[in-house]
file structure33.tsv (TSV, C-alpha atoms and all ligand atoms)
chain	number	residue	atom	x	y	z
X	1	MET	CA	36.56	146.31	-57.58
X	2	GLN	CA	38.56	148.04	-60.23
X	3	THR	CA	41.76	147.78	-58.19
X	4	LYS	CA	41.17	144.09	-57.57
X	5	PHE	CA	40.61	143.53	-61.28
X	6	LEU	CA	43.83	145.34	-62.10
X	7	PHE	CA	45.69	143.20	-59.56
X	8	LEU	CA	44.35	140.00	-61.12
X	9	LEU	CA	45.44	141.21	-64.52
X	10	LEU	CA	48.91	141.98	-63.25
X	11	LEU	CA	49.29	138.72	-61.34
X	12	PRO	CA	50.98	136.73	-64.13
X	13	VAL	CA	53.33	139.65	-64.78
X	14	LEU	CA	54.27	139.92	-61.10
X	15	GLY	CA	54.77	136.14	-60.98
X	16	LEU	CA	57.04	136.25	-64.00
X	17	SER	CA	59.08	139.11	-62.53
X	18	GLN	CA	59.62	137.25	-59.26
X	19	ASN	CA	60.46	134.06	-61.09
X	20	ALA	CA	62.86	135.94	-63.37
X	21	ALA	CA	64.59	137.60	-60.43
X	22	ARG	CA	65.03	134.19	-58.75
X	23	ILE	CA	66.42	132.55	-61.87
X	24	HIS	CA	68.74	135.49	-62.51
X	25	LYS	CA	70.09	135.42	-58.96
X	26	LYS	CA	70.70	131.67	-59.03
X	27	ALA	CA	72.33	131.57	-62.45
X	28	ILE	CA	76.00	132.29	-63.07
X	29	VAL	CA	75.60	135.25	-65.40
X	30	VAL	CA	78.52	135.69	-67.81
X	31	ASP	CA	79.29	138.42	-70.31
X	32	THR	CA	82.01	137.43	-72.77
X	33	HIS	CA	82.92	140.89	-74.05
X	34	ASN	CA	83.33	144.27	-72.36
X	35	ASP	CA	85.74	147.04	-73.36
X	36	ILE	CA	85.92	149.02	-70.10
X	37	LEU	CA	89.72	148.60	-70.00
X	38	THR	CA	90.14	150.57	-73.23
X	39	ALA	CA	87.40	153.00	-72.14
X	40	SER	CA	89.32	153.53	-68.87
X	41	ILE	CA	92.30	154.78	-70.87
X	42	GLU	CA	90.36	156.74	-73.49
X	43	LYS	CA	87.99	158.42	-71.03
X	44	LYS	CA	90.50	158.59	-68.16
X	45	VAL	CA	88.17	156.92	-65.64
X	46	SER	CA	88.43	154.16	-63.05
X	47	MET	CA	85.83	151.40	-62.87
X	48	ASP	CA	85.79	151.35	-59.07
X	49	ASP	CA	84.27	154.86	-59.18
X	50	ASN	CA	80.64	155.61	-59.87
X	51	LEU	CA	80.74	156.14	-63.65
X	52	LYS	CA	77.02	156.39	-64.34
X	53	GLY	CA	76.52	158.71	-67.30
X	54	LYS	CA	80.16	158.30	-68.34
X	55	THR	CA	80.46	154.61	-69.22
X	56	HIS	CA	78.29	151.50	-69.52
X	57	SER	CA	80.11	149.71	-66.71
X	58	ASP	CA	81.55	150.05	-63.21
X	59	LEU	CA	81.92	147.68	-60.24
X	60	GLN	CA	78.75	148.86	-58.52
X	61	ARG	CA	76.55	148.61	-61.61
X	62	TRP	CA	77.80	145.09	-62.44
X	63	LYS	CA	76.59	144.10	-58.99
X	64	GLU	CA	73.22	145.76	-59.58
X	65	GLY	CA	72.89	143.88	-62.87
X	66	GLY	CA	73.62	140.56	-61.16
X	67	LEU	CA	76.62	139.86	-63.38
X	68	ASP	CA	78.90	137.14	-61.99
X	69	VAL	CA	81.63	136.77	-64.59
X	70	GLN	CA	83.15	139.35	-66.90
X	71	LEU	CA	85.57	138.58	-69.69
X	72	PHE	CA	87.53	141.84	-70.06
X	73	SER	CA	88.50	142.66	-73.60
X	74	VAL	CA	92.13	143.67	-74.10
X	75	TRP	CA	92.16	145.67	-77.32
X	76	CYS	CA	93.80	148.29	-79.46
X	77	ASP	CA	93.36	148.99	-83.15
X	78	GLY	CA	95.83	147.78	-85.76
X	79	ASP	CA	97.66	151.12	-85.94
X	80	LYS	CA	99.08	151.10	-82.39
X	81	PRO	CA	102.86	150.80	-82.69
X	82	GLU	CA	103.44	148.34	-79.81
X	83	PRO	CA	100.23	146.37	-79.32
X	84	TYR	CA	101.75	143.77	-76.95
X	85	GLN	CA	102.96	146.48	-74.60
X	86	PHE	CA	99.54	148.14	-74.80
X	87	ALA	CA	97.86	144.81	-73.97
X	88	ASN	CA	99.98	144.58	-70.84
X	89	ARG	CA	99.12	148.17	-69.92
X	90	GLU	CA	95.40	147.31	-70.09
X	91	MET	CA	95.95	144.20	-67.98
X	92	ASP	CA	97.84	146.32	-65.41
X	93	ILE	CA	94.71	148.47	-65.07
X	94	LEU	CA	92.55	145.51	-64.10
X	95	ASP	CA	95.21	144.03	-61.81
X	96	ALA	CA	95.37	147.37	-59.94
X	97	ILE	CA	91.57	147.52	-59.61
X	98	ILE	CA	91.57	143.97	-58.21
X	99	GLN	CA	94.31	144.82	-55.73
X	100	LYS	CA	92.35	147.83	-54.53
X	101	ASN	CA	89.00	146.01	-54.35
X	102	PRO	CA	89.76	142.44	-53.23
X	103	THR	CA	86.29	141.88	-51.76
X	104	LYS	CA	84.52	142.92	-54.96
X	105	ILE	CA	86.45	141.42	-57.86
X	106	ALA	CA	88.95	138.58	-58.42
X	107	LEU	CA	91.09	137.46	-61.34
X	108	THR	CA	90.30	133.81	-61.99
X	109	ARG	CA	92.41	131.35	-63.97
X	110	ASN	CA	89.85	128.60	-64.54
X	111	THR	CA	86.20	127.65	-64.04
X	112	TYR	CA	86.93	126.27	-60.57
X	113	GLU	CA	88.35	129.58	-59.35
X	114	MET	CA	85.57	131.37	-61.16
X	115	LYS	CA	82.91	129.50	-59.22
X	116	GLN	CA	84.78	130.09	-55.94
X	117	ALA	CA	84.88	133.83	-56.60
X	118	VAL	CA	81.18	133.90	-57.48
X	119	LYS	CA	80.35	131.98	-54.30
X	120	ALA	CA	82.27	134.62	-52.33
X	121	GLY	CA	80.09	137.31	-53.92
X	122	LYS	CA	82.82	138.71	-56.15
X	123	LEU	CA	82.82	139.53	-59.83
X	124	ALA	CA	84.99	136.83	-61.42
X	125	ALA	CA	87.30	138.35	-64.02
X	126	MET	CA	89.19	136.86	-66.95
X	127	PHE	CA	90.94	138.52	-69.87
X	128	GLY	CA	90.02	138.06	-73.53
X	129	VAL	CA	92.53	139.48	-75.99
X	130	GLU	CA	90.79	141.05	-78.97
X	131	GLY	CA	93.00	140.90	-82.03
X	132	GLY	CA	95.81	138.50	-82.91
X	133	HIS	CA	98.02	141.52	-83.73
X	134	MET	CA	98.58	141.89	-79.98
X	135	ILE	CA	100.88	138.82	-79.89
X	136	GLU	CA	103.16	140.48	-82.47
X	137	ASN	CA	103.71	137.18	-84.36
X	138	SER	CA	105.21	135.52	-81.29
X	139	LEU	CA	104.08	132.31	-79.61
X	140	GLU	CA	106.12	133.36	-76.55
X	141	LYS	CA	104.04	136.51	-76.24
X	142	LEU	CA	100.89	134.41	-76.61
X	143	ASP	CA	102.14	132.28	-73.69
X	144	GLN	CA	102.84	135.42	-71.65
X	145	LEU	CA	99.35	136.78	-72.21
X	146	PHE	CA	97.97	133.40	-71.16
X	147	ALA	CA	100.10	133.45	-68.01
X	148	ARG	CA	98.55	136.81	-67.07
X	149	GLY	CA	95.02	135.38	-67.32
X	150	THR	CA	93.95	135.57	-70.96
X	151	ARG	CA	91.41	132.83	-71.58
X	152	TYR	CA	90.32	133.66	-75.10
X	153	MET	CA	91.81	135.42	-78.09
X	154	THR	CA	89.95	136.80	-81.09
X	155	LEU	CA	92.21	135.70	-83.95
X	156	THR	CA	91.77	139.09	-85.63
X	157	TRP	CA	90.08	142.39	-84.94
X	158	ASN	CA	88.97	144.43	-88.01
X	159	ASN	CA	92.63	144.45	-89.10
X	160	SER	CA	94.30	141.34	-90.48
X	161	THR	CA	97.63	139.98	-89.28
X	162	SER	CA	100.27	138.36	-91.46
X	163	TRP	CA	98.78	135.01	-90.37
X	164	ALA	CA	94.98	135.57	-90.30
X	165	THR	CA	92.60	137.70	-92.37
X	166	SER	CA	89.71	139.64	-90.89
X	167	ALA	CA	86.07	139.84	-91.97
X	168	TRP	CA	86.63	143.48	-92.80
X	169	ASP	CA	89.66	142.85	-95.04
X	170	GLU	CA	88.30	139.70	-96.68
X	171	THR	CA	85.26	141.66	-97.84
X	172	SER	CA	86.79	145.08	-98.56
X	173	LYS	CA	90.26	144.23	-99.87
X	174	LYS	CA	89.39	141.09	-101.82
X	175	ASP	CA	91.78	141.66	-104.73
X	176	SER	CA	94.89	142.67	-102.81
X	177	LEU	CA	94.43	139.82	-100.31
X	178	ALA	CA	94.26	137.19	-103.03
X	179	LYS	CA	97.86	138.12	-103.90
X	180	THR	CA	99.13	137.66	-100.36
X	181	HIS	CA	97.12	135.22	-98.29
X	182	LYS	CA	93.59	134.58	-97.17
X	183	GLY	CA	92.59	132.64	-94.09
X	184	LEU	CA	95.15	131.11	-91.70
X	185	THR	CA	98.77	130.62	-92.73
X	186	ASP	CA	100.84	127.75	-91.27
X	187	PHE	CA	101.83	130.05	-88.41
X	188	GLY	CA	98.14	130.94	-87.92
X	189	LYS	CA	97.38	127.24	-87.52
X	190	GLN	CA	100.24	126.96	-85.01
X	191	VAL	CA	98.65	129.78	-83.00
X	192	VAL	CA	95.34	127.90	-82.89
X	193	LYS	CA	97.10	124.67	-81.85
X	194	ARG	CA	99.06	126.46	-79.13
X	195	MET	CA	95.83	128.02	-77.83
X	196	ASN	CA	94.28	124.54	-77.68
X	197	GLU	CA	97.30	123.25	-75.73
X	198	LEU	CA	97.18	126.13	-73.25
X	199	GLY	CA	93.41	126.09	-72.72
X	200	MET	CA	92.83	129.49	-74.33
X	201	VAL	CA	89.54	129.57	-76.22
X	202	VAL	CA	89.69	130.41	-79.95
X	203	ASP	CA	87.37	133.38	-80.56
X	204	LEU	CA	86.05	133.75	-84.11
X	205	SER	CA	84.31	137.13	-83.85
X	206	HIS	CA	85.76	139.58	-86.41
X	207	VAL	CA	87.55	136.93	-88.50
X	208	GLY	CA	87.03	136.54	-92.24
X	209	GLU	CA	85.14	133.55	-93.58
X	210	GLN	CA	88.29	131.83	-94.84
X	211	THR	CA	89.98	132.30	-91.45
X	212	PHE	CA	86.82	130.99	-89.81
X	213	TRP	CA	86.82	127.75	-91.82
X	214	ASP	CA	90.57	127.24	-91.42
X	215	ALA	CA	90.28	127.71	-87.64
X	216	ILE	CA	87.30	125.37	-87.36
X	217	ALA	CA	89.26	122.72	-89.28
X	218	THR	CA	92.33	123.20	-87.05
X	219	THR	CA	90.92	123.48	-83.51
X	220	THR	CA	90.41	120.36	-81.43
X	221	LYS	CA	88.33	122.23	-78.84
X	222	PRO	CA	85.06	124.21	-78.82
X	223	VAL	CA	85.30	127.81	-80.05
X	224	ILE	CA	83.34	130.95	-79.30
X	225	ALA	CA	82.23	134.02	-81.18
X	226	SER	CA	82.49	136.31	-78.16
X	227	HIS	CA	80.38	139.14	-79.64
X	228	SER	CA	78.61	138.37	-82.94
X	229	ASN	CA	75.09	138.15	-84.37
X	230	ALA	CA	73.26	136.53	-87.29
X	231	TRP	CA	74.17	137.79	-90.77
X	232	SER	CA	70.77	136.73	-92.18
X	233	LEU	CA	69.03	139.29	-89.93
X	234	CYS	CA	71.68	142.01	-90.20
X	235	PRO	CA	74.10	141.47	-93.10
X	236	VAL	CA	77.30	143.13	-91.93
X	237	PRO	CA	80.58	141.32	-92.71
X	238	ARG	CA	81.37	140.43	-89.08
X	239	ASN	CA	78.01	138.80	-88.33
X	240	LEU	CA	77.80	135.03	-88.86
X	241	LYS	CA	76.29	133.36	-91.91
X	242	ASP	CA	74.05	130.33	-91.44
X	243	ASP	CA	76.73	127.79	-92.40
X	244	GLN	CA	79.10	129.38	-89.86
X	245	ILE	CA	76.43	129.22	-87.15
X	246	LEU	CA	75.83	125.55	-87.98
X	247	ALA	CA	79.58	124.86	-87.79
X	248	ILE	CA	79.86	126.44	-84.32
X	249	GLY	CA	76.94	124.25	-83.18
X	250	LYS	CA	78.66	121.15	-84.55
X	251	ASN	CA	81.94	122.17	-82.88
X	252	GLY	CA	80.15	122.44	-79.49
X	253	GLY	CA	80.88	126.16	-79.26
X	254	VAL	CA	78.92	129.25	-78.26
X	255	ILE	CA	77.85	132.45	-80.04
X	256	SER	CA	77.46	135.37	-77.62
X	257	LEU	CA	75.07	138.10	-78.74
X	258	ASN	CA	76.58	141.52	-79.48
X	259	PHE	CA	74.38	144.43	-78.33
X	260	PHE	CA	75.71	147.00	-80.84
X	261	SER	CA	72.72	148.56	-82.64
X	262	GLY	CA	74.59	148.38	-85.96
X	263	PHE	CA	75.00	144.58	-85.69
X	264	VAL	CA	71.37	144.09	-84.59
X	265	ASP	CA	69.49	146.22	-87.13
X	266	SER	CA	70.66	146.91	-90.69
X	267	ASN	CA	68.72	150.22	-90.73
X	268	TYR	CA	70.95	151.60	-87.99
X	269	ARG	CA	73.93	152.33	-90.24
X	270	LYS	CA	72.15	154.96	-92.36
X	271	LYS	CA	70.62	156.70	-89.34
X	272	ASP	CA	73.97	156.71	-87.55
X	273	ALA	CA	75.78	158.07	-90.62
X	274	ARG	CA	73.38	161.02	-90.63
X	275	PHE	CA	73.98	161.57	-86.91
X	276	GLN	CA	77.76	161.42	-87.27
X	277	LEU	CA	77.70	163.84	-90.20
X	278	ALA	CA	75.66	166.33	-88.16
X	279	HIS	CA	78.25	166.16	-85.35
X	280	LYS	CA	81.37	165.73	-87.46
X	281	ALA	CA	83.18	168.80	-86.13
X	282	GLU	CA	82.82	167.64	-82.54
X	283	ILE	CA	83.90	164.07	-83.33
X	284	ASP	CA	86.93	165.38	-85.24
X	285	SER	CA	87.97	167.67	-82.41
X	286	LEU	CA	87.95	164.72	-79.96
X	287	LYS	CA	90.00	162.66	-82.42
X	288	ALA	CA	92.45	165.55	-82.63
X	289	THR	CA	93.13	165.09	-78.91
X	290	GLY	CA	94.40	161.56	-79.68
X	291	MET	CA	91.17	159.69	-78.86
X	292	GLN	CA	90.50	156.54	-80.95
X	293	THR	CA	87.62	157.06	-83.44
X	294	GLU	CA	85.29	154.53	-81.75
X	295	TYR	CA	85.46	156.42	-78.46
X	296	ALA	CA	85.11	159.89	-80.05
X	297	VAL	CA	81.85	158.69	-81.67
X	298	THR	CA	80.71	157.15	-78.37
X	299	MET	CA	81.35	160.36	-76.41
X	300	VAL	CA	79.33	162.44	-78.87
X	301	THR	CA	76.52	159.86	-79.06
X	302	GLU	CA	76.27	159.92	-75.27
X	303	LYS	CA	76.22	163.71	-75.24
X	304	TYR	CA	73.26	163.79	-77.64
X	305	ALA	CA	71.52	160.71	-76.22
X	306	GLU	CA	67.98	161.98	-76.94
X	307	GLU	CA	68.77	162.63	-80.57
X	308	ALA	CA	70.56	159.26	-80.93
X	309	MET	CA	67.64	157.37	-79.31
X	310	ASP	CA	65.68	157.33	-82.58
X	311	ALA	CA	68.19	155.11	-84.29
X	312	ARG	CA	68.28	152.47	-81.53
X	313	PRO	CA	66.58	149.11	-82.24
X	314	THR	CA	64.40	147.35	-79.67
X	315	LEU	CA	65.39	144.60	-77.24
X	316	GLU	CA	63.02	142.34	-79.17
X	317	GLN	CA	65.10	142.87	-82.32
X	318	LEU	CA	68.23	141.76	-80.46
X	319	LEU	CA	66.45	138.66	-79.17
X	320	GLU	CA	65.30	137.81	-82.69
X	321	HIS	CA	68.99	137.10	-83.38
X	322	LEU	CA	68.99	134.73	-80.40
X	323	ASP	CA	65.81	132.98	-81.60
X	324	TYR	CA	67.31	132.67	-85.08
X	325	ILE	CA	70.54	131.07	-83.86
X	326	VAL	CA	68.59	128.80	-81.48
X	327	LYS	CA	66.43	127.59	-84.37
X	328	LEU	CA	69.58	126.56	-86.23
X	329	ILE	CA	71.66	125.02	-83.42
X	330	GLY	CA	69.66	125.00	-80.17
X	331	THR	CA	69.76	126.80	-76.82
X	332	GLU	CA	73.06	125.17	-75.79
X	333	HIS	CA	75.09	127.34	-78.13
X	334	VAL	CA	74.16	130.95	-77.30
X	335	GLY	CA	75.29	133.45	-74.70
X	336	LEU	CA	75.75	137.17	-74.02
X	337	GLY	CA	78.69	139.25	-75.24
X	338	SER	CA	77.41	142.80	-74.88
X	339	ASP	CA	80.46	144.72	-76.15
X	340	PHE	CA	79.55	147.37	-73.56
X	341	ASP	CA	82.00	150.28	-73.42
X	342	GLY	CA	83.16	149.38	-76.91
X	343	ILE	CA	79.95	150.44	-78.65
X	344	SER	CA	78.28	153.77	-79.22
X	345	SER	CA	74.71	152.48	-79.21
X	346	ALA	CA	72.71	149.52	-77.81
X	347	PRO	CA	69.02	148.59	-78.12
X	348	ARG	CA	66.53	150.61	-76.10
X	349	GLY	CA	66.32	149.46	-72.50
X	350	LEU	CA	69.88	148.14	-72.54
X	351	ASP	CA	71.53	151.35	-71.36
X	352	ASP	CA	74.27	149.85	-69.24
X	353	VAL	CA	75.37	146.75	-67.29
X	354	THR	CA	72.41	146.97	-64.92
X	355	CYS	CA	70.24	145.64	-67.79
X	356	TYR	CA	70.93	141.88	-67.55
X	357	PRO	CA	67.79	141.13	-65.49
X	358	THR	CA	65.71	142.72	-68.27
X	359	ILE	CA	67.12	140.14	-70.65
X	360	THR	CA	66.32	137.26	-68.27
X	361	ARG	CA	62.72	138.48	-68.03
X	362	ALA	CA	62.42	138.86	-71.80
X	363	LEU	CA	63.79	135.35	-72.40
X	364	LEU	CA	61.21	133.82	-70.05
X	365	GLN	CA	58.50	135.88	-71.74
X	366	ARG	CA	59.59	134.47	-75.08
X	367	GLY	CA	58.98	130.95	-73.74
X	368	TYR	CA	62.48	129.77	-72.88
X	369	THR	CA	62.47	127.42	-69.88
X	370	PRO	CA	64.34	128.34	-66.66
X	371	LYS	CA	66.99	125.73	-67.49
X	372	GLN	CA	67.48	127.10	-71.00
X	373	VAL	CA	67.67	130.66	-69.65
X	374	THR	CA	70.29	129.62	-67.09
X	375	ASN	CA	72.37	128.09	-69.86
X	376	ILE	CA	72.04	131.13	-72.10
X	377	LEU	CA	73.01	133.46	-69.24
X	378	GLY	CA	76.24	131.61	-68.54
X	379	GLY	CA	75.97	127.81	-68.37
X	380	ASN	CA	76.86	127.38	-72.02
X	381	ILE	CA	80.00	129.48	-71.90
X	382	LEU	CA	81.14	127.74	-68.69
X	383	ARG	CA	80.85	124.46	-70.57
X	384	VAL	CA	83.10	125.76	-73.36
X	385	LEU	CA	85.68	127.15	-70.91
X	386	LYS	CA	85.74	123.81	-69.10
X	387	ALA	CA	86.14	121.87	-72.33
X	388	ASN	CA	89.11	124.09	-73.21
X	389	GLU	CA	90.68	123.45	-69.80
X	390	LYS	CA	90.54	119.70	-70.40
X	391	GLY	CA	93.98	118.11	-70.69
X	392	THR	CA	95.79	121.28	-69.57
X	393	GLU	CA	97.28	122.55	-66.30
X	394	LEU	CA	94.05	124.50	-65.80
X	395	SER	CA	92.01	121.36	-65.10
X	396	LYS	CA	94.12	120.31	-62.08
X	397	ASN	CA	91.76	121.65	-59.43
W	401	ZN	ZN	84.99	143.71	-81.26
call {"tool": "encode", "arguments": {"input": "structure33.tsv", "output": "structure tokens", "more": "lines below"}}
Ligand SMILES: [Zn+2]
result
Amino acid sequence: MQTKFLFLLLLPVLGLSQNAARIHKKAIVVDTHNDILTASIEKKVSMDDNLKGKTHSDLQRWKEGGLDVQLFSVWCDGDKPEPYQFANREMDILDAIIQKNPTKIALTRNTYEMKQAVKAGKLAAMFGVEGGHMIENSLEKLDQLFARGTRYMTLTWNNSTSWATSAWDETSKKDSLAKTHKGLTDFGKQVVKRMNELGMVVDLSHVGEQTFWDAIATTTKPVIASHSNAWSLCPVPRNLKDDQILAIGKNGGVISLNFFSGFVDSNYRKKDARFQLAHKAEIDSLKATGMQTEYAVTMVTEKYAEEAMDARPTLEQLLEHLDYIVKLIGTEHVGLGSDFDGISSAPRGLDDVTCYPTITRALLQRGYTPKQVTNILGGNILRVLKANEKGTELSKN
């Protein structure tokens, strides 16, 4: 009797799980931001190996998580002497992986090829360049990166360029910037126009507010924020304020949720600062080996995972950002941009790229319809990619 009662109680939960699994399998699941290429260099690993415990991502775990499309971030910080060359080195890494694993992953140039790859059971890959500094002030280099498969570019990372100011600089170097420039210069506007012509999506994560508004006024196509959250819920400079969220909705674009604990929960920063102080010597010794700060912190956070667990927000807190954005602009304008392998901490339960089905289940539990969930998982971003292809060589399929 008791067992039967328990079964009846669990029935709706079991039904939801099955339904969620079906919806997840059928949907084209897209993540717009993953830093495994940089992690591959920093941690000296290869994503076609089993990297469980070492990274958030590898080919096998993407499969387990039911991910269909990955936009691979091509990134270095603003201090690298030859960022364009470094961008090409990162792209070489993915090209080599694809050559070695042609049945598992394919580089795709447009949404048509993307769907073909997904149908064939492969992970469809595209590049997203993170940081306008990587084009080294050259439209030719922008064209070259496009030719190699870059389908979005974040106009800035935390560092500004001579043609676009970042969220970090616009908020922390206010006075000195006012003397030089703020927002997009004429060349910055040319970059946006060239991206529109090519069919490369303008990504507004990381950019300063002035750059944001200048880019929105310049672009003729829908934009994305490939990995950003709502400033009202977590006021860090690179999250989006309400008027920015509204503008992306009006532009027809998409905001992809960033899983980094520090962009989800404003309490995280203090807790993390305490953690980093306690392990400063270890972080510094990794940095002394030439490792970039972000990855030194990540390595140490992973080493002391139990201790770092306390600071992690819940999945529900992440999805509150989604609900918030949806309330402002609707379910057609949100997606997922985990930032996996570029972040030192994610909400509890989102330990690596096998977690996407957990999100699908949680969205259904929150009352989103199967159609809305399918759009959030990938339909929305496919729409933006397609709109950017319109009128370019990319649409001739
Ligand atoms: Zn980023």
call {"tool": "closest_atom_pairs", "arguments": {"input": "structure33.tsv", "of": "chain X", "to": "ligand ZN 401 (chain W)", "cutoff": "9 Å", "atoms": "only C-alpha atoms and all ligand atoms", "output": "JSON lines"}}
result
{"residue": "X:His33", "atom": "CA", "partner": "W:ZN401", "partner_atom": "ZN", "distance": 8.0}
{"residue": "X:Asp35", "atom": "CA", "partner": "W:ZN401", "partner_atom": "ZN", "distance": 8.6}
{"residue": "X:Ser73", "atom": "CA", "partner": "W:ZN401", "partner_atom": "ZN", "distance": 8.5}
{"residue": "X:Trp75", "atom": "CA", "partner": "W:ZN401", "partner_atom": "ZN", "distance": 8.4}
{"residue": "X:Glu130", "atom": "CA", "partner": "W:ZN401", "partner_atom": "ZN", "distance": 6.8}
{"residue": "X:Gly131", "atom": "CA", "partner": "W:ZN401", "partner_atom": "ZN", "distance": 8.5}
{"residue": "X:Thr154", "atom": "CA", "partner": "W:ZN401", "partner_atom": "ZN", "distance": 8.5}
{"residue": "X:Trp157", "atom": "CA", "partner": "W:ZN401", "partner_atom": "ZN", "distance": 6.4}
{"residue": "X:Asn158", "atom": "CA", "partner": "W:ZN401", "partner_atom": "ZN", "distance": 7.9}
{"residue": "X:Ser205", "atom": "CA", "partner": "W:ZN401", "partner_atom": "ZN", "distance": 7.1}
{"residue": "X:His206", "atom": "CA", "partner": "W:ZN401", "partner_atom": "ZN", "distance": 6.6}
{"residue": "X:Ser226", "atom": "CA", "partner": "W:ZN401", "partner_atom": "ZN", "distance": 8.4}
{"residue": "X:His227", "atom": "CA", "partner": "W:ZN401", "partner_atom": "ZN", "distance": 6.7}
{"residue": "X:Ser228", "atom": "CA", "partner": "W:ZN401", "partner_atom": "ZN", "distance": 8.5}
{"residue": "X:Asn258", "atom": "CA", "partner": "W:ZN401", "partner_atom": "ZN", "distance": 8.9}
{"residue": "X:Asp339", "atom": "CA", "partner": "W:ZN401", "partner_atom": "ZN", "distance": 6.9}
{"residue": "X:Gly342", "atom": "CA", "partner": "W:ZN401", "partner_atom": "ZN", "distance": 7.4}
{"residue": "X:Ile343", "atom": "CA", "partner": "W:ZN401", "partner_atom": "ZN", "distance": 8.8}
call {"tool": "write_last_selection", "arguments": {"input": "structure33.tsv", "atoms": "C-alpha atoms", "output": "PDB file, in the frame of the given file"}}
result
ATOM      1  CA  HIS X  33      82.920 140.890 -74.050  1.00  0.00           C
ATOM      2  CA  ASP X  35      85.740 147.040 -73.360  1.00  0.00           C
ATOM      3  CA  SER X  73      88.500 142.660 -73.600  1.00  0.00           C
ATOM      4  CA  TRP X  75      92.160 145.670 -77.320  1.00  0.00           C
ATOM      5  CA  GLU X 130      90.790 141.050 -78.970  1.00  0.00           C
ATOM      6  CA  GLY X 131      93.000 140.900 -82.030  1.00  0.00           C
ATOM      7  CA  THR X 154      89.950 136.800 -81.090  1.00  0.00           C
ATOM      8  CA  TRP X 157      90.080 142.390 -84.940  1.00  0.00           C
ATOM      9  CA  ASN X 158      88.970 144.430 -88.010  1.00  0.00           C
ATOM     10  CA  SER X 205      84.310 137.130 -83.850  1.00  0.00           C
ATOM     11  CA  HIS X 206      85.760 139.580 -86.410  1.00  0.00           C
ATOM     12  CA  SER X 226      82.490 136.310 -78.160  1.00  0.00           C
ATOM     13  CA  HIS X 227      80.380 139.140 -79.640  1.00  0.00           C
ATOM     14  CA  SER X 228      78.610 138.370 -82.940  1.00  0.00           C
ATOM     15  CA  ASN X 258      76.580 141.520 -79.480  1.00  0.00           C
ATOM     16  CA  ASP X 339      80.460 144.720 -76.150  1.00  0.00           C
ATOM     17  CA  GLY X 342      83.160 149.380 -76.910  1.00  0.00           C
ATOM     18  CA  ILE X 343      79.950 150.440 -78.650  1.00  0.00           C
TER      19      ILE X 343
END
call {"tool": "closest_residue", "arguments": {"input": "structure33.tsv", "among": "X:Lys189, X:Arg61, X:Arg148, X:Lys54", "to": "Cys355 of chain X", "atoms": "only C-alpha atoms"}}
result
X:Arg61
call {"tool": "residues_around", "arguments": {"input": "structure33.tsv", "residues": "Asp92 of chain X", "least_positions_apart": "3", "cutoff": "12 Å", "atoms": "all atoms listed in the file", "output": "PyMOL selection string"}}
result
chain X and resi 37-38+40-41+74+85-89+95-99+107+127+145+148-149
call {"tool": "closest_residue", "arguments": {"input": "structure33.tsv", "among": "X:His333, X:His56, X:His321, X:Arg312", "to": "Asn375 of chain X", "atoms": "all atoms listed in the file"}}
result
X:His333
call {"tool": "atom_distance", "arguments": {"input": "structure33.tsv", "atom1": "atom CA of Asn251 of chain X", "atom2": "atom CA of Ala225 of chain X"}}
result
12.0 Å
call {"tool": "closest_residue", "arguments": {"input": "structure33.tsv", "among": "X:Gly367, X:Leu322, X:Ala305, X:Leu336", "to": "Asp351 of chain X", "atoms": "only C-alpha atoms"}}
result
X:Ala305
call {"tool": "residues_around", "arguments": {"input": "structure33.tsv", "residues": "Lys26 of chain X", "least_positions_apart": "4", "cutoff": "10 Å", "atoms": "all atoms listed in the file", "output": "count of residues only"}}
result
5
call {"tool": "atom_distance", "arguments": {"input": "structure33.tsv", "atom1": "atom CA of Asp143 of chain X", "atom2": "atom CA of Arg383 of chain X"}}
result
22.9 Å
call {"tool": "closest_residue", "arguments": {"input": "structure33.tsv", "among": "X:Asp242, X:Glu197, X:Asp310, X:Glu90", "to": "Asn267 of chain X", "atoms": "only C-alpha atoms"}}
result
X:Asp310
call {"tool": "closest_residue", "arguments": {"input": "structure33.tsv", "among": "X:Asn101, X:Asp352, X:Lys221, X:Met309", "to": "Phe340 of chain X", "atoms": "all atoms listed in the file"}}
result
X:Asp352
call {"tool": "residues_around", "arguments": {"input": "structure33.tsv", "residues": "Glu320 of chain X", "least_positions_apart": "4", "cutoff": "10 Å", "atoms": "only C-alpha atoms", "output": "compact mmCIF listing (two decimals) with C-alpha atoms, in the coordinates of the input"}}
result
# COMPACT_ATOMS: atom_id res chain seq x y z
CA ASN X 229 75.09 138.15 -84.37
CA ALA X 230 73.26 136.53 -87.29
CA LEU X 233 69.03 139.29 -89.93
CA VAL X 264 71.37 144.09 -84.59
CA LEU X 315 65.39 144.60 -77.24
CA GLU X 316 63.02 142.34 -79.17
CA TYR X 324 67.31 132.67 -85.08
CA ILE X 325 70.54 131.07 -83.86
CA VAL X 326 68.59 128.80 -81.48
call {"tool": "atom_distance", "arguments": {"input": "structure33.tsv", "atom1": "atom CA of Phe259 of chain X", "atom2": "atom CA of Ala346 of chain X"}}
result
5.4 Å
call {"tool": "closest_residue", "arguments": {"input": "structure33.tsv", "among": "X:Asp31, X:Asp49, X:Glu170, X:Glu82", "to": "Val69 of chain X", "atoms": "all atoms listed in the file"}}
result
X:Asp31
call {"tool": "residues_around", "arguments": {"input": "structure33.tsv", "residues": "Thr103 of chain X", "least_positions_apart": "3", "cutoff": "10 Å", "atoms": "only C-alpha atoms", "output": "list of chain:residue names"}}
result
X:Ile98, X:Gln99, X:Lys100, X:Ala106, X:Ala117, X:Ala120, X:Gly121, X:Lys122, X:Leu123
